[in-house]
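Text of input-v5.cif (mmCIF, C-alpha atoms) as supplied:
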```
data_target
#
loop_
_atom_site.label_atom_id
_atom_site.label_comp_id
_atom_site.auth_asym_id
_atom_site.auth_seq_id
_atom_site.Cartn_x
_atom_site.Cartn_y
_atom_site.Cartn_z
CA MET A 88 -25.61 -7.55 -0.33
CA ASN A 89 -22.84 -9.92 0.62
CA TYR A 90 -19.55 -8.52 -0.71
CA THR A 91 -16.43 -10.65 -1.11
CA LEU A 92 -12.87 -9.50 -0.46
CA GLU A 93 -12.38 -9.52 -4.24
CA ASP A 94 -15.31 -7.08 -4.59
CA VAL A 95 -13.71 -4.81 -1.98
CA LYS A 96 -10.35 -5.08 -3.76
CA ASN A 97 -11.94 -3.97 -7.05
CA PHE A 98 -13.71 -1.09 -5.27
CA ILE A 99 -10.59 0.16 -3.50
CA LEU A 100 -8.47 -0.10 -6.68
CA GLU A 101 -11.06 1.99 -8.53
CA PHE A 102 -11.10 4.45 -5.60
CA THR A 103 -7.30 4.86 -5.57
CA GLU A 104 -7.28 5.34 -9.35
CA LEU A 105 -9.93 8.09 -9.08
CA GLU A 106 -8.00 9.65 -6.20
CA TYR A 107 -4.83 9.65 -8.34
CA GLN A 108 -6.65 11.14 -11.35
CA PHE A 109 -8.11 13.82 -9.05
CA GLY A 110 -4.63 14.70 -7.76
CA LEU A 111 -3.31 15.07 -11.31
CA GLY A 112 -6.40 16.75 -12.67
CA GLN A 113 -6.26 19.69 -10.28
CA PHE A 114 -3.36 21.05 -12.33
CA ASP A 115 -4.20 19.63 -15.78
CA SER A 116 -5.48 22.30 -18.16
CA SER A 117 -6.23 19.67 -20.83
CA ILE A 118 -9.16 18.32 -18.78
CA THR A 119 -12.40 20.13 -19.64
CA ASP A 120 -14.67 21.45 -16.88
CA GLU A 121 -17.24 18.77 -17.74
CA GLU A 122 -14.65 15.97 -17.52
CA TRP A 123 -13.42 17.41 -14.22
CA GLU A 124 -16.94 17.59 -12.75
CA ASN A 125 -17.58 13.96 -13.77
CA LEU A 126 -14.31 12.86 -12.12
CA VAL A 127 -15.15 14.74 -8.92
CA ALA A 128 -18.65 13.21 -8.85
CA LYS A 129 -17.24 9.68 -9.26
CA LEU A 130 -14.71 10.22 -6.46
CA GLU A 131 -17.32 11.74 -4.13
CA ASN A 132 -19.54 8.72 -4.80
CA CYS A 133 -16.87 6.45 -3.25
CA TYR A 134 -17.46 8.03 0.17
CA SER A 135 -20.31 7.67 2.61
CA SER A 136 -22.01 11.04 2.91
CA GLU A 137 -20.84 11.89 6.42
CA PHE A 138 -17.18 10.96 5.82
CA GLY A 139 -16.99 12.37 2.30
CA TYR A 140 -18.28 15.71 3.53
CA TYR A 141 -14.94 16.29 5.23
CA GLU A 142 -12.69 15.17 2.39
CA ALA A 143 -10.87 17.82 0.37
CA ILE A 144 -12.79 17.11 -2.83
CA THR A 145 -13.84 20.20 -4.72
CA VAL A 146 -14.96 21.05 -8.22
CA TYR A 147 -13.07 24.36 -7.95
CA ARG A 148 -9.69 24.47 -9.70
CA ASP A 149 -7.37 27.47 -9.51
CA GLU A 150 -6.49 28.24 -13.13
CA SER A 151 -3.38 30.16 -12.05
CA LEU A 152 -1.96 26.83 -10.79
CA MET A 153 -2.72 24.97 -14.02
CA THR A 154 0.72 25.43 -15.58
CA GLN A 155 2.80 22.78 -17.29
CA GLU A 156 5.56 23.17 -14.69
CA ILE A 157 3.23 22.60 -11.71
CA TYR A 158 1.52 19.73 -13.53
CA ASP A 159 4.87 18.06 -14.34
CA ASN A 160 6.14 18.47 -10.75
CA ASN A 161 2.91 17.04 -9.38
CA LYS A 162 2.94 14.15 -11.85
CA ASN A 163 6.55 13.30 -10.94
CA ASP A 164 5.80 13.27 -7.20
CA LEU A 165 2.31 11.79 -7.12
CA LYS A 166 1.52 8.09 -7.38
CA LYS A 167 -1.51 5.90 -6.94
CA ARG A 168 -1.73 4.52 -3.41
CA ARG A 169 -0.79 0.83 -3.39
CA LEU A 170 -3.18 -1.69 -1.86
CA PHE A 171 -1.31 -4.09 0.40
CA LEU A 172 -3.90 -5.92 2.41
CA ILE A 173 -7.64 -6.20 3.14
CA ARG A 174 -9.02 -7.54 6.41
CA LYS A 175 -12.71 -8.29 6.92
CA TYR A 176 -14.09 -7.83 10.43
CA GLU A 177 -17.49 -8.75 11.84
CA ASN A 178 -19.25 -6.92 14.66
CA PRO A 179 -17.16 -3.74 14.61
CA LYS A 180 -17.99 -0.84 16.89
CA PHE A 181 -18.58 2.44 15.04
CA GLY A 182 -18.44 5.96 16.41
CA LYS A 183 -21.76 7.84 16.52
CA GLY A 184 -20.81 9.69 13.32
CA ILE A 185 -21.07 6.47 11.30
CA TYR A 186 -24.80 5.90 11.32
CA ASP A 187 -25.86 4.66 7.91
CA THR A 188 -24.00 1.38 7.40
CA ASP A 189 -26.15 -1.58 6.45
CA SER A 190 -24.31 -4.39 8.11
CA ASP A 191 -22.15 -5.53 10.96
CA VAL A 192 -19.09 -5.83 8.70
CA VAL A 193 -16.16 -3.51 8.03
CA PHE A 194 -13.27 -3.99 5.63
CA SER A 195 -9.89 -2.51 6.59
CA CYS A 196 -7.92 -1.66 3.46
CA PHE A 197 -4.25 -0.95 4.09
CA LEU A 198 -2.88 1.57 1.59
CA GLY A 199 0.55 3.00 0.86
CA SER A 200 1.65 6.57 0.35
CA ASN A 201 0.56 8.73 -2.58
CA THR A 202 4.04 10.19 -3.02
CA GLN A 203 7.12 8.77 -4.73
CA LYS A 204 10.36 7.77 -3.01
CA VAL A 205 8.97 6.49 0.28
CA LEU A 206 9.22 3.10 1.94
CA GLU A 207 6.70 0.57 0.57
CA ILE A 208 4.62 0.15 3.72
CA TYR A 209 1.01 0.96 4.48
CA TYR A 210 0.44 4.45 5.82
CA THR A 211 -3.36 4.46 6.01
CA ASN A 212 -6.08 2.12 7.19
CA THR A 213 -9.08 2.96 5.02
CA SER A 214 -12.36 1.55 6.32
CA VAL A 215 -14.94 0.39 3.79
CA GLY A 216 -18.51 -0.38 4.81
CA ILE A 217 -21.78 -1.20 3.10
CA VAL A 218 -24.01 1.88 2.82
CA ASN A 219 -27.41 1.65 1.11
CA GLY A 220 -26.29 -1.64 -0.43
CA GLU A 221 -23.05 -0.22 -1.88
CA LEU A 222 -19.41 -0.27 -0.81
CA LYS A 223 -18.30 3.13 0.50
CA VAL A 224 -15.28 4.57 2.31
CA ILE A 225 -16.65 5.29 5.79
CA SER A 226 -13.52 6.34 7.72
CA GLU A 227 -9.75 6.47 7.53
CA ARG A 228 -6.98 6.23 10.10
CA THR A 229 -3.36 7.17 9.58
CA LEU A 230 -0.14 5.68 10.85
CA ASN A 231 1.13 7.15 14.12
CA HIS A 232 4.55 8.37 12.95
CA ASP A 233 5.61 9.02 16.56
CA LYS A 234 5.97 5.24 16.99
CA GLY A 235 8.69 5.03 14.33
CA LEU A 236 9.08 1.86 12.29
CA ASP A 237 8.97 -0.56 15.20
CA GLU A 238 5.24 -0.40 15.90
CA ILE A 239 2.10 -0.03 13.81
CA GLU A 240 -0.57 2.09 15.49
CA TRP A 241 -3.57 3.66 13.73
CA ILE A 242 -4.79 7.06 14.87
CA TYR A 243 -7.19 9.86 13.97
CA ASN A 244 -6.01 13.45 13.86
CA LYS A 245 -7.62 14.87 16.99
CA ARG A 246 -8.04 18.27 15.31
CA SER A 247 -9.94 16.82 12.35
CA ASN A 248 -13.70 16.91 11.95
CA VAL A 249 -13.61 13.15 11.41
CA TYR A 250 -12.41 12.83 15.00
CA THR A 251 -14.57 15.55 16.56
CA GLU A 252 -17.72 14.30 14.79
CA ASP A 253 -16.81 10.70 15.79
CA ILE A 254 -16.76 9.33 12.22
CA THR A 255 -14.48 6.67 13.59
CA ILE A 256 -14.01 2.96 14.01
CA LYS A 257 -13.97 2.38 17.77
CA LYS A 258 -13.20 -1.34 17.52
CA ASP A 259 -12.42 -3.36 14.40
CA GLY A 260 -14.34 -6.41 15.59
CA ILE A 261 -13.57 -10.06 14.95
CA LEU A 262 -11.19 -10.81 12.09
CA VAL A 263 -12.84 -13.35 9.79
CA GLU A 264 -10.96 -13.14 6.49
CA THR A 265 -7.80 -11.66 4.95
CA LEU A 266 -6.74 -10.92 1.39
CA ARG A 267 -3.01 -10.31 0.91
CA VAL A 268 -2.27 -8.29 -2.24
CA PHE A 269 1.29 -6.93 -2.03
CA GLU A 270 3.95 -7.64 0.60
CA PRO A 271 5.43 -4.50 2.25
CA GLU A 272 9.17 -3.83 2.60
CA HIS A 273 9.81 -3.40 6.32
CA PRO A 274 10.04 -6.34 8.80
CA THR A 275 7.43 -4.84 11.18
CA TRP A 276 4.95 -4.56 8.31
CA ILE A 277 5.84 -7.97 6.88
CA ALA A 278 5.04 -9.54 10.26
CA ASP A 279 1.71 -7.65 10.40
CA TYR A 280 0.94 -8.54 6.77
CA ASN A 281 1.38 -12.26 7.47
CA GLU A 282 -0.69 -12.17 10.67
CA GLY A 283 -4.28 -13.42 10.73
#
```

Would you encode the structure as structure tokens?
Amino acid sequence: MNYTLEDVKNFILEFTELEYQFGLGQFDSSITDEEWENLVAKLENCYSSEFGYYEAITVYRDESLMTQEIYDNNKNDLKKRRLFLIRKYENPKFGKGIYDTDSDVVFSCFLGSNTQKVLEIYYTNTSVGIVNGELKVISERTLNHDKGLDEIEWIYNKRSNVYTEDITIKKDGILVETLRVFEPEHPTWIADYNEG
């Protein structure tokens, strides 16, 4: 299947909405077990099997944490991650842990933070690939905070299973198309956003 950047945008917006609902739902006693299981299944379906295996998605909810106070605090702090930018690359190089993609294309989706009161910049580079004919999240890199705000560098946590199992993007490939969605706040990110 030949997916457009608009298709990827729709997929990633649905993914971030499910992610947000999952974050809220962990502490929401008004959600039934059946509704919760359906939400978890939908979110898990957004991931390729090898990457999703390591994500902190669980059907288990601790009922002792499902209080109105915890829910309200979580709701006040949590927000849906903003989509800033999508870049389509051809001929990427995948780590050996990414073995079931269908094509030689990867989409880099640049997402903001999931917490309130932070600078509107992208903090994660979420990689979307085509797996068994469907769009799936296949890997994710985070911003190297050691670089400060003057340089954008994407890294994997070297202690994570994603890194040790090589579920990584070794090389993005050749940039062929860009979809700009929302301009970030900081000059370093604005320059990157307008590149390519």

Contacts of Phe181 of chain A within 8 Å, all atoms listed in the file, excl. fewer than 4 positions in-chain, as an NGL selection string: :A and (185 or 254-258)

Gly199 of chain A environment, 7 Å, only C-alpha atoms, sequence neighbours closer than 6 positions dropped, as a list of chain:residue names: A:Arg168, A:Arg169, A:Leu170, A:Glu207, A:Ile208, A:Tyr209, A:Tyr210, A:Thr211

Residues within 8 Å of Leu111 of chain A, all atoms listed in the file, excluding chain neighbours under 2 positions, as a list in words: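 Here the qualifying residues turn out to be Tyr107, Gln108, Phe109, Gln113, Phe114, Asp115, Tyr158, Asn161, Lys162 and Leu165 of chain A.
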
Test item: residues at most 10 Å from segment 227-239 of chain A, all atoms listed in the file, excluding those fewer than 5 positions along its chain, as a ChimeraX atom specification: /A:138,195-198,208-215,244,249-250,254-256,273-276,279

Expansion of the PyMOL selection byres ((chain A and resi 265) around 8) into residues, as a list in words: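 After applying the PyMOL selection byres ((chain A and resi 265) around 8), what remains is Leu92, Leu172, Ile173, Arg174, Lys175, Leu262, Val263, Glu264, Leu266, Arg267 and Gly283 of chain A.
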
Nearest to Lys96 of chain A by atom-to-atom distance, counting only C-alpha atoms, from A:Lys129, A:Asp120, A:Val268, A:Val193: A:Val268

Point-to-point distance in Å for atom CA of Cys133 of chain A and atom CA of Phe98 of chain A: 8.4 Å

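Interatomic distance, atom CA of Ile277 of chain A against atom CA of Glu104 of chain A: 24.8 Å.
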
Counting all atoms listed in the file, the residue of A:Met88, A:Leu130, A:Leu206, A:Val218 that sits nearest Thr103 of chain A: A:Leu130

Å distance separating atom CA of Gly112 of chain A from atom CA of Glu221 of chain A, one decimal place: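 Here the two named atoms are 26.1 Å from each other.
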
Matched chain/residue IDs from the PyMOL selection byres ((chain A and resi 166) around 6), as number ranges by chain: A: 165, 167, 201-202

Selected residue, from A:Ile217, A:Val127, A:Ile225, A:Val205, that lies nearest to Gly184 of chain A when counting only C-alpha atoms: A:Ile225

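Shortest atom-to-atom contact with Ser200 of chain A among A:Ser135, A:Ile118, A:Pro271, A:Ser151: A:Pro271, counting all atoms listed in the file.
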
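Distances here use all atoms listed in the file; by that measure, the residue among A:Ser117, A:Gly260, A:Gly182, A:Asn132 closest to Gln155 of chain A is A:Ser117.
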
Please give the centre and size of the box around segment 177-185 of chain A (axis-aligned, containing every atom listed in the file, 3 Å added per side), with values in Å to one decimal and written as lines of an AutoDock Vina configuration file.
```
center_x = -19.5
center_y = 0.5
center_z = 14.1
size_x = 10.6
size_y = 24.4
size_z = 11.6
```

Save segment 112-128 of chain A from what I just supplied, as a CSV table (one decimal), in the first residue's frame, atoms limited to N, CA and C atoms.
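Listing of decode_34.csv after writing:
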```csv
chain,number,residue,atom,x,y,z
A,112,GLY,N,-7.2,7.1,31.4
A,112,GLY,CA,-8.0,6.0,31.8
A,112,GLY,C,-7.4,5.1,32.9
A,113,GLN,N,-6.1,5.2,33.1
A,113,GLN,CA,-5.5,4.4,34.1
A,113,GLN,C,-6.0,4.8,35.5
A,114,PHE,N,-6.5,6.0,35.7
A,114,PHE,CA,-7.0,6.5,37.0
A,114,PHE,C,-8.5,6.8,37.0
A,115,ASP,N,-9.2,6.4,35.9
A,115,ASP,CA,-10.6,6.8,35.7
A,115,ASP,C,-11.5,5.7,36.1
A,116,SER,N,-12.1,5.7,37.3
A,116,SER,CA,-13.0,4.7,37.7
A,116,SER,C,-14.3,4.6,37.0
A,117,SER,N,-14.6,5.6,36.2
A,117,SER,CA,-15.9,5.6,35.4
A,117,SER,C,-15.8,4.7,34.1
A,118,ILE,N,-14.6,4.3,33.8
A,118,ILE,CA,-14.4,3.5,32.6
A,118,ILE,C,-14.5,2.0,33.0
A,119,THR,N,-15.4,1.3,32.4
A,119,THR,CA,-15.6,-0.1,32.7
A,119,THR,C,-14.4,-0.9,32.3
A,120,ASP,N,-14.3,-2.1,32.8
A,120,ASP,CA,-13.2,-3.0,32.4
A,120,ASP,C,-13.2,-3.3,30.9
A,121,GLU,N,-14.4,-3.5,30.4
A,121,GLU,CA,-14.5,-3.8,29.0
A,121,GLU,C,-14.1,-2.6,28.1
A,122,GLU,N,-14.5,-1.4,28.5
A,122,GLU,CA,-14.1,-0.2,27.8
A,122,GLU,C,-12.6,-0.1,27.8
A,123,TRP,N,-12.0,-0.3,29.0
A,123,TRP,CA,-10.6,-0.2,29.2
A,123,TRP,C,-9.8,-1.2,28.3
A,124,GLU,N,-10.3,-2.5,28.3
A,124,GLU,CA,-9.6,-3.5,27.5
A,124,GLU,C,-9.7,-3.2,26.0
A,125,ASN,N,-10.8,-2.6,25.6
A,125,ASN,CA,-10.9,-2.2,24.2
A,125,ASN,C,-9.9,-1.1,23.8
A,126,LEU,N,-9.8,-0.1,24.8
A,126,LEU,CA,-8.9,1.0,24.6
A,126,LEU,C,-7.4,0.5,24.5
A,127,VAL,N,-7.1,-0.4,25.4
A,127,VAL,CA,-5.7,-1.0,25.4
A,127,VAL,C,-5.5,-1.7,24.1
A,128,ALA,N,-6.4,-2.5,23.6
A,128,ALA,CA,-6.3,-3.3,22.4
A,128,ALA,C,-6.1,-2.3,21.2
```
